Structures are given as C-alpha cells and as structure tokens.
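In what follows, a single structure is set out as structure tokens and then discussed.
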Amino acid sequence: MKPKILVTREVFDETLAFLAQHCEVESNQQDVAFDPDALARRLGGKDGLMCALTDRVDSKLLAGAPNLKVVANIAVGYNNIDLAACTARGIMATNTPGVLDDSTADLAWALMLGTARRLTELERRVRAGEWTGWRLKQWLGVDVHHATLGIFGMGRIGQAIAKRAAGFDMTVIYHNRNRVDSRVESRLAAAYVSKEELLRRSDFLVLQMPYSPETHHLIGAAELKRMKPTAILINSTRGGVVDDAALIEALRNGVIRAAGLDVFENEPKLDPGFMALDNVVLLPHIGSSTEATRRAMAMTAAKNAVAALTGGTPPNLLNPR
Ligand code: DGY
C-alpha cells in the first residue's frame with residue numbers, strides 16, 4: 001500500500017507524476033484554497049501533506065490527522081505551520097530553501113528600481129494620456145547607484161540581494177540577529193551595523209527576516225520616523241513585519257519617500273489606504289514566482305515529502321529529532 005498524500009494547491013504535472021510514483025495522491029488542481037474545515041476533512045486519513053503558505057497548519061488540524069508523518073511546505077517561509085505542534089506529534093516539517101533565493105532577490109531589486117524611478121506610477125500616467133512631452137524636471141526619481149543599501153535579515157536571500165549591489169556601486173550595510181561570517185561580509189563588501197544605524201543610514205531599506213511573533217511589526221511608526229525622509233522601504237519577505245497602517249501614514253506624510261511591497265498584513269485584502277498613494281509599488285506576493293523557480297519549489301517540496309514517507313530523512317527537515 002502506498003502512503004496517502006494530500007496536495008492542497010495546484011502543482012505542476014511533473015510534481016504530480018513524481019508523487020504518484022511513491023504515493024496515492026489527492027490533489028487540489030482546481031486550486032481553490034481549502035477552508036480550515038475542508039482541509040481537516042481531507043487530511044483525516046492521510047500520511048503526508050504538501051501545502052502552501054495559504055494553509056494554516058496548527059495543532060487542531062494535526063490532532064485530526066493521526067497518521068500524518070510529514071508537512072511539506074511549498075515555500076521557504078513556514079510561519080503558516082506550528083512547528084512546535086508538529087514536533088510534539090513526531091511529524092516532520094519541511095520547507096524549500098535555496099531554490100528561490102535568486103528569483104526573490106531579483107524581485108527585491110525590481111521593487112528598488114521600480115520605486116526609485118517611479119515605474120508603476122509613471123506607467124499609469126502614460127496610459128492615462130498625461131504625458132504631453134519631454135520636460136527637464138519631469139517626474140524626477142532618485143538614483144539607486146552609489147546609494148546606501150540597508151539589508152535587515154542577512155540570510156541566503158539577503159546575501160543574494162547584497163551581491164547584486166556591487167554592479168550599482170552601492171554601500172551595503174546590514175543588520176541580522178547574528179553577525180554573518182567575516183568571509184561573507186568581505187565577499188559582499190557588507191558592513192554589520194546596529195538596527196538603529198541601519199534605520200538612520202539606509203537610502204533603501206530591504207526587509208528580509210522571517211515572520212514570527214518576534215518580528216511582528218518590527219517596522220512601525222517609531223522605526224519609520226528614524227529613517228531618512230528620502231528613504232525607500234522594500235518588503236518582499238512577509239506581511240506583518242511592517243505595520244501597514246503606520247506605513248500608510250508615513251507615506252502620506254512624507255516621513256519616508258516611498259515603499260515597494262510584495263507582501264501585506266491580511267493579504268490579499270490590502271489596507272485601502274495604499275490605493276490612493278502614488279509613492280508605493282504594490283505587487284501580489286510574486287517574489288518567487290518565475291516558471292523555473294515555482295517548478296523547483298514544488299519539486300523540492302515533493303522530494304521532501306517522499307523522503308519522509310519512504311523512511312528517509314527529508315533534505316530540508318525543519319525539526320530534526
Ligand atoms: C516563500 O517561499 O516563503 C515565498 O513567500 C512563497 O512565495
């Protein structure tokens with residue numbers, strides 16, 4: 001008898017084909033997110049769960065799935081999973097680190113360039129017929145090159161963002177829970193600074209820390225006030241690390257210049273305050289969303305799940321015993 005796995009969101013054909021070699025697969029190819037009751041009902045007799053950040057995996061859900069051995073998230077972030085509850089039940093939890101670093105770093109850069117040069121605002125103006133001709137002082141942006149890039153969270157993605165800064169002759173500073181290896185610092189020409197100094201000096205402040213109770217509203221009204229009035233804030237990590245209401249106030253009142261956002265509190269329901277602002281670029285959580293990367297993420301999650309269900313150790317195990 002093959003182990004039974006539930007796949008909660010639409011995945012690629014090759015992901016399903018790989019899973020089917022090892023498991024009996026129930027997949028949600030219609031891609032309508034399950035509500036908590038539907039998820040619990042479907043998970044009941046399963047041995048494995050392959051899920052996404054739209055699925056909340058908490059102790060109540062796990063309690064109703066006594067056979068469950070693995071929760072394989074199709075994401076590097078795993079704040080949707082109660083890791084302690086998985087561990088307490090002897091359930092392996094996995095994520096998809098590595099395969100999305102470069103695509104996510106590229107998107108952070110797209111947000112930096114897009115906010116600095118006002119790309120989405122000006123495209124809207126062109127489409128609306130507001131462009132009547134060239135003028136010297138027209139719709140001026142700010143330079144990315146030679147500016148100071150501040151990275152808050154210097155893990156793999158933060159490092160990939162820093163690496164790209166060399167081509168723009170930027171000064172790179174960072175803050176992290178733990179200082180990174182000095183060889184990494186010198187390879188990236190990145191200087192470790194306090195949170196205070198990072199807020200004060202950054203022209204572009206890019207957030208790249210995971211979301212957790214400790215990082216909830218890490219950037220709120222007080223932090224925004226400590227930034228330069230010309231600074232640009234980029235968040236492509238998780239909604240909730242920024243206090244959206246405080247950010248809207250700051251953008252409205254010129255406390256900072258602009259923001260580039262791929263993630264939001266309560267997404268996909270954005271605070272309507274964002275909509276009236278021209279100095280914010282709003283994207284629908286697409287940091288890792290390239291064809292190649294999403295295929296790689298789905299296959300990484302599938303391999304994690306299959307390893308766990310066939311007696312092995314998943315390559316990306318989050319809670320080793
Ligand atoms: C991740 O991997 O955490 C991304 O946010 C998913 O797109």
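Here's how to read the names in the structure tokens: chain A, B, ... by the order shown, residue numbers from 1 in each chain, ligand numbers from 1 in the order shown.
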Item to complete: For ligand 1, collect every residue having any atom at a distance of at most 7 Å from a ligand atom (counting only C-alpha atoms and all ligand atoms); output as a list in words.
Response: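 Sorted by chain and then by number, the residues are Leu53, Ile74, Ala75, Val76, Gly77, Tyr78, Thr96, Leu100, Thr237, Arg238, His285, Ile286, Gly287, Ser288 and Ser289 of chain A.
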Practice prompt. Give the alpha helix (DSSP H) residues of range 62-200 of chain A, as DSSP finds them on the backbone, and put them as an MDAnalysis selection string.
Written response: chainID A and resid 62:63 83:88 101:116 119:127 156:164 182:188 195:200
Worksheet item: Of the candidates A:Leu224, A:Ala128, A:Ala231, A:Val263, which one gets nearest to Ile248 in chain A if we count only C-alpha atoms?
Response: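 So, comparing all the options, the nearest one is A:Leu224.
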Worksheet entry | Residue with smallest distance to Leu43 in chain A - pool A:Ala298, A:Met92, A:Leu6, A:Ala105, counting only C-alpha atoms |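 Closest to Leu43 in chain A, using only C-alpha atoms: A:Leu6.
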Discussion item. With DSSP run on the backbone, what are the strand (DSSP E) residues within range 18-118 of chain A? I'd like them as a PyMOL selection string.
Written reply: chain A and resi 24-27+48-51+70-73+92-94
Those selected residues, please, written with all heavy atoms and delivered as a CSV table (one decimal), in the first residue's frame.
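After the write, result-v9.csv holds the following:
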chain,number,residue,atom,x,y,z
A,24,GLU,N,-0.2,7.6,-3.0
A,24,GLU,CA,-1.6,7.8,-3.6
A,24,GLU,C,-1.9,9.2,-3.3
A,24,GLU,O,-1.8,9.7,-2.2
A,24,GLU,CB,-2.5,6.9,-2.7
A,24,GLU,CG,-3.8,6.5,-3.4
A,24,GLU,CD,-4.6,5.6,-2.4
A,24,GLU,OE1,-4.1,4.5,-2.2
A,24,GLU,OE2,-5.6,6.1,-2.0
A,25,VAL,N,-2.1,9.9,-4.4
A,25,VAL,CA,-2.2,11.4,-4.4
A,25,VAL,C,-3.6,11.9,-4.5
A,25,VAL,O,-4.3,11.6,-5.4
A,25,VAL,CB,-1.3,12.1,-5.5
A,25,VAL,CG1,-1.3,13.6,-5.3
A,25,VAL,CG2,0.1,11.5,-5.6
A,26,GLU,N,-4.0,12.8,-3.5
A,26,GLU,CA,-5.2,13.6,-3.7
A,26,GLU,C,-4.7,15.0,-3.9
A,26,GLU,O,-4.1,15.6,-3.0
A,26,GLU,CB,-6.1,13.5,-2.5
A,26,GLU,CG,-7.4,14.3,-2.6
A,26,GLU,CD,-8.3,14.2,-1.4
A,26,GLU,OE1,-8.3,13.2,-0.7
A,26,GLU,OE2,-9.0,15.2,-1.1
A,27,SER,N,-5.0,15.6,-5.0
A,27,SER,CA,-4.5,17.0,-5.3
A,27,SER,C,-5.7,17.9,-5.6
A,27,SER,O,-6.7,17.5,-6.1
A,27,SER,CB,-3.5,17.0,-6.4
A,27,SER,OG,-4.1,16.8,-7.6
A,48,GLY,N,0.7,12.1,4.5
A,48,GLY,CA,1.5,13.3,4.1
A,48,GLY,C,0.7,14.5,3.7
A,48,GLY,O,-0.4,14.3,3.2
A,49,LEU,N,1.2,15.7,3.9
A,49,LEU,CA,0.5,16.9,3.5
A,49,LEU,C,1.6,17.8,2.8
A,49,LEU,O,2.7,18.0,3.3
A,49,LEU,CB,0.0,17.7,4.7
A,49,LEU,CG,-0.5,19.1,4.5
A,49,LEU,CD1,-1.8,19.0,3.6
A,49,LEU,CD2,-0.8,19.8,5.8
A,50,MET,N,1.2,18.1,1.5
A,50,MET,CA,2.0,19.1,0.8
A,50,MET,C,1.2,20.4,0.7
A,50,MET,O,0.1,20.3,0.1
A,50,MET,CB,2.4,18.6,-0.6
A,50,MET,CG,3.6,19.2,-1.2
A,50,MET,SD,4.2,18.2,-2.6
A,50,MET,CE,4.2,19.5,-3.8
A,51,CYS,N,1.7,21.4,1.3
A,51,CYS,CA,0.8,22.6,1.5
A,51,CYS,C,1.5,23.9,1.1
A,51,CYS,O,2.7,23.9,0.8
A,51,CYS,CB,0.3,22.7,2.9
A,51,CYS,SG,1.6,22.8,4.1
A,70,VAL,N,4.4,13.8,7.7
A,70,VAL,CA,5.1,14.9,7.1
A,70,VAL,C,4.2,16.1,6.7
A,70,VAL,O,3.2,15.8,6.1
A,70,VAL,CB,6.1,14.5,6.0
A,70,VAL,CG1,5.3,13.9,4.8
A,70,VAL,CG2,7.0,15.6,5.5
A,71,VAL,N,4.7,17.3,6.9
A,71,VAL,CA,4.1,18.5,6.4
A,71,VAL,C,5.2,19.2,5.5
A,71,VAL,O,6.2,19.7,6.1
A,71,VAL,CB,3.6,19.5,7.5
A,71,VAL,CG1,3.1,20.8,7.0
A,71,VAL,CG2,2.6,18.8,8.4
A,72,ALA,N,5.0,19.2,4.2
A,72,ALA,CA,6.0,19.7,3.3
A,72,ALA,C,5.4,21.0,2.7
A,72,ALA,O,4.5,21.0,1.9
A,72,ALA,CB,6.2,18.7,2.2
A,73,ASN,N,6.0,22.1,3.2
A,73,ASN,CA,5.5,23.4,2.7
A,73,ASN,C,6.2,23.8,1.4
A,73,ASN,O,7.4,23.6,1.2
A,73,ASN,CB,5.9,24.5,3.8
A,73,ASN,CG,4.9,25.6,4.0
A,73,ASN,OD1,3.7,25.4,3.8
A,73,ASN,ND2,5.4,26.7,4.4
A,92,MET,N,7.3,15.3,10.8
A,92,MET,CA,8.4,16.1,10.2
A,92,MET,C,7.8,17.3,9.4
A,92,MET,O,6.7,17.2,8.8
A,92,MET,CB,9.1,15.2,9.2
A,92,MET,CG,9.9,14.1,9.9
A,92,MET,SD,10.8,13.1,8.7
A,92,MET,CE,9.9,11.6,8.8
A,93,ALA,N,8.5,18.4,9.5
A,93,ALA,CA,8.0,19.6,8.7
A,93,ALA,C,9.2,20.0,7.8
A,93,ALA,O,10.4,19.9,8.3
A,93,ALA,CB,7.6,20.7,9.7
A,94,THR,N,8.9,20.4,6.6
A,94,THR,CA,10.0,20.8,5.7
A,94,THR,C,9.6,22.1,4.9
A,94,THR,O,8.4,22.4,4.8
A,94,THR,CB,10.2,19.7,4.7
A,94,THR,OG1,9.1,19.5,3.8
A,94,THR,CG2,10.6,18.3,5.3
Discussion item. Residues within 9 Å of Arg118 in chain A, please, as a PyMOL selection string. Count only C-alpha atoms; anything in the same chain fewer than 6 positions from it doesn't count.
Written reply: chain A and resi 139-142+278-281
Resulting file, chosen residues, all heavy atoms, as an mmCIF file, in the first residue's frame:
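Just written: selection03.cif:
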data_model
loop_
_atom_site.group_PDB
_atom_site.id
_atom_site.type_symbol
_atom_site.label_atom_id
_atom_site.label_comp_id
_atom_site.auth_asym_id
_atom_site.auth_seq_id
_atom_site.Cartn_x
_atom_site.Cartn_y
_atom_site.Cartn_z
ATOM 1 N N TRP A 139 8.825 64.468 -13.464
ATOM 2 C CA TRP A 139 8.665 63.202 -12.741
ATOM 3 C C TRP A 139 10.017 62.610 -12.313
ATOM 4 O O TRP A 139 10.349 61.459 -12.641
ATOM 5 C CB TRP A 139 7.871 62.205 -13.606
ATOM 6 C CG TRP A 139 6.451 62.640 -13.845
ATOM 7 C CD1 TRP A 139 5.624 63.254 -12.952
ATOM 8 C CD2 TRP A 139 5.691 62.489 -15.048
ATOM 9 N NE1 TRP A 139 4.403 63.492 -13.516
ATOM 10 C CE2 TRP A 139 4.401 63.032 -14.802
ATOM 11 C CE3 TRP A 139 5.947 61.945 -16.303
ATOM 12 C CZ2 TRP A 139 3.390 63.042 -15.749
ATOM 13 C CZ3 TRP A 139 4.939 61.955 -17.249
ATOM 14 C CH2 TRP A 139 3.685 62.497 -16.990
ATOM 15 N N LEU A 140 10.767 63.420 -11.589
ATOM 16 C CA LEU A 140 12.130 63.023 -11.222
ATOM 17 C C LEU A 140 12.121 61.875 -10.214
ATOM 18 O O LEU A 140 11.309 61.861 -9.282
ATOM 19 C CB LEU A 140 12.882 64.226 -10.630
ATOM 20 C CG LEU A 140 12.969 65.454 -11.539
ATOM 21 C CD1 LEU A 140 13.642 66.614 -10.810
ATOM 22 C CD2 LEU A 140 13.734 65.126 -12.827
ATOM 23 N N GLY A 141 13.032 60.980 -10.390
ATOM 24 C CA GLY A 141 13.207 59.892 -9.437
ATOM 25 C C GLY A 141 14.476 60.108 -8.629
ATOM 26 O O GLY A 141 15.012 61.223 -8.563
ATOM 27 N N VAL A 142 14.953 59.037 -7.994
ATOM 28 C CA VAL A 142 16.233 59.098 -7.280
ATOM 29 C C VAL A 142 17.127 57.972 -7.799
ATOM 30 O O VAL A 142 16.645 56.983 -8.357
ATOM 31 C CB VAL A 142 16.068 58.968 -5.745
ATOM 32 C CG1 VAL A 142 15.375 60.184 -5.170
ATOM 33 C CG2 VAL A 142 15.317 57.690 -5.372
ATOM 34 N N ASP A 278 0.568 57.350 -4.580
ATOM 35 C CA ASP A 278 1.400 57.139 -5.769
ATOM 36 C C ASP A 278 2.799 56.670 -5.411
ATOM 37 O O ASP A 278 3.504 56.121 -6.269
ATOM 38 C CB ASP A 278 1.513 58.454 -6.565
ATOM 39 C CG ASP A 278 0.360 58.583 -7.552
ATOM 40 O OD1 ASP A 278 -0.156 57.536 -8.004
ATOM 41 O OD2 ASP A 278 -0.027 59.725 -7.843
ATOM 42 N N ASN A 279 3.208 56.909 -4.157
ATOM 43 C CA ASN A 279 4.592 56.590 -3.805
ATOM 44 C C ASN A 279 4.729 55.191 -3.203
ATOM 45 O O ASN A 279 5.558 54.951 -2.335
ATOM 46 C CB ASN A 279 5.178 57.655 -2.861
ATOM 47 C CG ASN A 279 4.328 57.853 -1.614
ATOM 48 O OD1 ASN A 279 3.180 57.426 -1.558
ATOM 49 N ND2 ASN A 279 4.909 58.511 -0.616
ATOM 50 N N VAL A 280 3.912 54.272 -3.689
ATOM 51 C CA VAL A 280 4.072 52.880 -3.262
ATOM 52 C C VAL A 280 3.835 51.966 -4.466
ATOM 53 O O VAL A 280 2.923 52.193 -5.260
ATOM 54 C CB VAL A 280 3.130 52.533 -2.078
ATOM 55 C CG1 VAL A 280 1.656 52.668 -2.431
ATOM 56 C CG2 VAL A 280 3.401 51.137 -1.546
ATOM 57 N N VAL A 281 4.718 50.991 -4.605
ATOM 58 C CA VAL A 281 4.549 49.961 -5.644
ATOM 59 C C VAL A 281 3.940 48.739 -4.955
ATOM 60 O O VAL A 281 4.478 48.269 -3.941
ATOM 61 C CB VAL A 281 5.901 49.607 -6.299
ATOM 62 C CG1 VAL A 281 5.745 48.423 -7.258
ATOM 63 C CG2 VAL A 281 6.463 50.815 -7.052
#
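When CA of Trp134 in chain A is paired with CA of Gly254 in chain A, their separation reads 26.7 Å.
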Worksheet item: In Å to one decimal, how far is CA of Arg156 in chain A from CA of Glu10 in chain A?
Response: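 Distance between the two atoms: 27.0 Å.
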Item to complete: Give the answer as one residue: which of A:Met170, A:Val206, A:Cys23, A:Ala63 has the shortest atom-to-atom distance to Gly44 in chain A, using only C-alpha atoms?
Response: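 Closest candidate: A:Ala63.
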Worksheet item: Given the choices A:Leu251, A:Leu218, A:Val99, A:Val11, which gets closest to Asn316 in chain A if the distance is worked out from only C-alpha atoms?
Response: A:Val99
Worksheet item: Can you tell me, as an NGL selection string, what residues are no more than 8 Å from Asn80 in chain A when counting only C-alpha atoms, ignoring any on the same chain fewer than 2 positions away?
Response: :A and (53-57 or 78 or 82)
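Minimum atom-to-atom distances from A:Thr290, A:Ser186, A:Ser194, A:Thr115 to Gly260 in chain A were compared using only C-alpha atoms, and the lowest value belongs to A:Thr115.
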Discussion item. Show me, as a list in words, the residues that have an atom within 7 Å of Ala302 in chain A when counting only C-alpha atoms, minus same-chain residues fewer than 4 positions from it.
Written reply: Thr15, Leu19, Ala298 and Val306 of chain A
Discussion item. When you look at Ala250 in chain A with a cut-off of 12 Å (counting only C-alpha atoms), what residues show up, excluding the ones that are within fewer than 3 positions of it in the same chain? I need them as a PyMOL selection string.
Written reply: chain A and resi 219-233+242-247+253-259+273-274+277+279-280
Practice prompt. For Thr87 in chain A, list every protein, DNA or RNA residue within 10 Å, evaluated using only C-alpha atoms, and leave out those in the same chain fewer than 6 positions away; present the list as a ChimeraX atom specification.
Written response: /A:93,318-321
Write out, as a PDB file, in the first residue's frame, the residues just selected, with N, CA, C and O atoms.
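Listed below is the output, out.pdb:
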ATOM      1  N   ALA A  93       8.460  18.424   9.480  1.00  0.00           N
ATOM      2  CA  ALA A  93       8.048  19.610   8.717  1.00  0.00           C
ATOM      3  C   ALA A  93       9.227  20.024   7.842  1.00  0.00           C
ATOM      4  O   ALA A  93      10.389  19.940   8.269  1.00  0.00           O
ATOM      5  N   LEU A 318      12.924  20.693   8.986  1.00  0.00           N
ATOM      6  CA  LEU A 318      12.986  21.859   9.896  1.00  0.00           C
ATOM      7  C   LEU A 318      13.066  21.454  11.363  1.00  0.00           C
ATOM      8  O   LEU A 318      13.460  22.245  12.201  1.00  0.00           O
ATOM      9  N   ASN A 319      12.630  20.233  11.668  1.00  0.00           N
ATOM     10  CA  ASN A 319      12.590  19.833  13.080  1.00  0.00           C
ATOM     11  C   ASN A 319      13.240  18.460  13.297  1.00  0.00           C
ATOM     12  O   ASN A 319      12.561  17.487  13.649  1.00  0.00           O
ATOM     13  N   PRO A 320      14.573  18.395  13.075  1.00  0.00           N
ATOM     14  CA  PRO A 320      15.236  17.108  13.315  1.00  0.00           C
ATOM     15  C   PRO A 320      15.075  16.677  14.763  1.00  0.00           C
ATOM     16  O   PRO A 320      14.989  17.518  15.647  1.00  0.00           O
ATOM     17  N   ARG A 321      15.020  15.366  14.966  1.00  0.00           N
ATOM     18  CA  ARG A 321      14.836  14.877  16.359  1.00  0.00           C
ATOM     19  C   ARG A 321      16.109  14.982  17.162  1.00  0.00           C
ATOM     20  O   ARG A 321      17.188  14.878  16.633  1.00  0.00           O
TER      21      ARG A 321
END
